[in-house]
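Engineer: A single structure is presented below for examination.
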Amino acid sequence: MRRFGKLKLAAVVLLILSIAAVVAVKMEIEPNMESVSKIKAEALVGRTISKALVSQFEKDTSQDELFTIINGEDGSIEMVQANSAAINIFMSQLSVKLQESFQKMEEAKTEVSLGALMGSKFLSQTGPYVNLSIVPMSVSSMDFKTEFESQGINQTKYKIYIVLECRVKVLAPFISRTFTTENTVLIAEAVILGKVPNSFVQVPKEDILDVTDE
């Protein structure tokens, strides 16, 4: 009888330790899982945006339509500005293309090593692996920005970017989350020879996809 009591106590202790271990692992993995999931989701959405933009420029839009250059009587450039009407049409058409692409896409599956999720550099390239499923859902917002970038003496680049936010669902053993991804994409640029404009909008270079022809 006493032996049975000891076994019962040992089983309870083992159960408590097992639950504590699972909770500890979950608390360690879940934040890393969310970070990795968002990175994977942003990469997938970025590739989808890039394909949609290439299709848009091949079939519907020329980059030259997206900005207006006004010259003075002496031929010098007096003003460069975004063609808001053309850009709004462009964004509307792109939004439709992206939504169609999202609807046709199956779940994108990828694997992440458990070591990476545990924050171990030593085990980051080895198994076991955790499966992630990424499902782009919708375009939640789209806007545009412009930038003047000095290229040297009397030479400036005028650039137009679009900024897209998309909703993406990620399914994994430890989480099921809906993220909002943000992608900034360079869609048009013009080289201006002459006086450098005074207006600047800074866009972080590491966040930019480039679909212009260079």
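So you can find residues: chains in the structure tokens are A, B, ... in the order shown, residues in each start at 1, and ligands are numbered from 1 in order.
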Residues of range 49-98 of chain A in strand (DSSP E or B) according to DSSP, as a list in words?

Structural biologist: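 The strand (DSSP E or B) subset of range 49-98 of chain A is Phe67, Thr68, Ile69, Ile70, Asn71, Ile77, Glu78, Met79, Val80, Gln81 and Ala82 of chain A.
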
Engineer: Which residues are close to range 161-166 of chain A, i.e. within 8 Å by only C-alpha atoms, leaving aside same-chain residues fewer than 2 positions away? Reply as a list of chain:residue names.

Structural biologist: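 So, after excluding close chain neighbours, the residues are A:Val45, A:Pro136, A:Met137, A:Ser138, A:Val139, A:Ser140, A:Ser141, A:Met142, A:Asp143, A:Phe144, A:Lys145, A:Thr146, A:Lys159, A:Val168, A:Thr180, A:Thr181, A:Glu182, A:Asn183, A:Thr184, A:Val185, A:Leu186, A:Ile187, A:Ala188.
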
Engineer: Which residue gives the smallest distance to Lys97 in chain A among A:Asp60, A:Glu34, A:Glu73, A:Glu111, with only C-alpha atoms counted?

Structural biologist: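 The shortest atom-to-atom distance to Lys97 in chain A comes from A:Asp60.
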
Engineer: Please report the interatomic distance between CA of Val54 in chain A and CA of Lys169 in chain A in Å with one decimal.

Structural biologist: 24.9 Å

Engineer: Which one is closest to Ala172 in chain A: A:Leu66, A:Ala52, A:Val36, A:Ile87? Count only C-alpha atoms.

Structural biologist: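 Nearest to Ala172 in chain A: A:Val36.
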
Engineer: Give me, please, the distance in Å between CA of Phe102 in chain A and CA of Pro173 in chain A, quoted to one decimal.

Structural biologist: 23.1 Å

Engineer: Compile the contact shell of range 105-107 of chain A as a PyMOL selection string: residues with an atom at most 9 Å away, counting only C-alpha atoms, same-chain residues fewer than 3 positions apart removed.

Structural biologist: chain A and resi 100-102+133-136

Engineer: Point out the residue among A:Ile153, A:Phe179, A:Glu147, A:Thr110 with the least atom-to-atom distance to Tyr129 in chain A, counting only C-alpha atoms.

Structural biologist: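 Nearest to Tyr129 in chain A: A:Thr110.
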
Engineer: Show me, as a list in words, the residues that have an atom within 8 Å of Gln56 in chain A when counting only C-alpha atoms, minus same-chain residues fewer than 5 positions from it.

Structural biologist: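 These residues fall inside the cut-off: Thr61, Gln93 and Leu94 of chain A.
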
Engineer: Restricting the output to C-alpha atoms, write the selected residues as a short mmCIF file (atom, residue, chain, number, x, y, z; two decimals), in the first residue's frame.

Structural biologist:
```cif
data_model
loop_
_atom_site.label_atom_id
_atom_site.label_comp_id
_atom_site.auth_asym_id
_atom_site.auth_seq_id
_atom_site.Cartn_x
_atom_site.Cartn_y
_atom_site.Cartn_z
CA THR A 61 1.15 50.42 -67.46
CA GLN A 93 -5.33 47.36 -60.91
CA LEU A 94 -2.45 45.97 -58.88
#
```

Engineer: Between CA of Met91 in chain A and CA of Leu44 in chain A, what is the distance in Å, rounded to a tenth?

Structural biologist: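 Between these atoms lies a distance of 19.5 Å.
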
Engineer: Find the spatial neighbours of Val191 in chain A, counting only C-alpha atoms, within a cut-off of 12 Å - ignore same-chain residues fewer than 5 positions away - and output them as a PyMOL selection string.

Structural biologist: chain A and resi 64+67+69+77+80+147-152+154-159+196+214

Engineer: Go through range 94-169 of chain A and collect every residue that DSSP, computed from the backbone, puts in alpha helix (DSSP H); the answer should be as a list in words.

Structural biologist: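 Matching residues, listed in order: Leu94, Ser95, Val96, Lys97, Leu98, Gln99, Glu100, Ser101, Phe102, Gln103, Lys104, Leu114, Gly115, Ala116 and Leu117 of chain A.
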
Engineer: Residues within 7 Å of Val130 in chain A, please, as JSON, numbers by chain. Count only C-alpha atoms; anything in the same chain fewer than 2 positions from it doesn't count.

Structural biologist: {"A": [111, 112, 113, 114, 128, 132]}
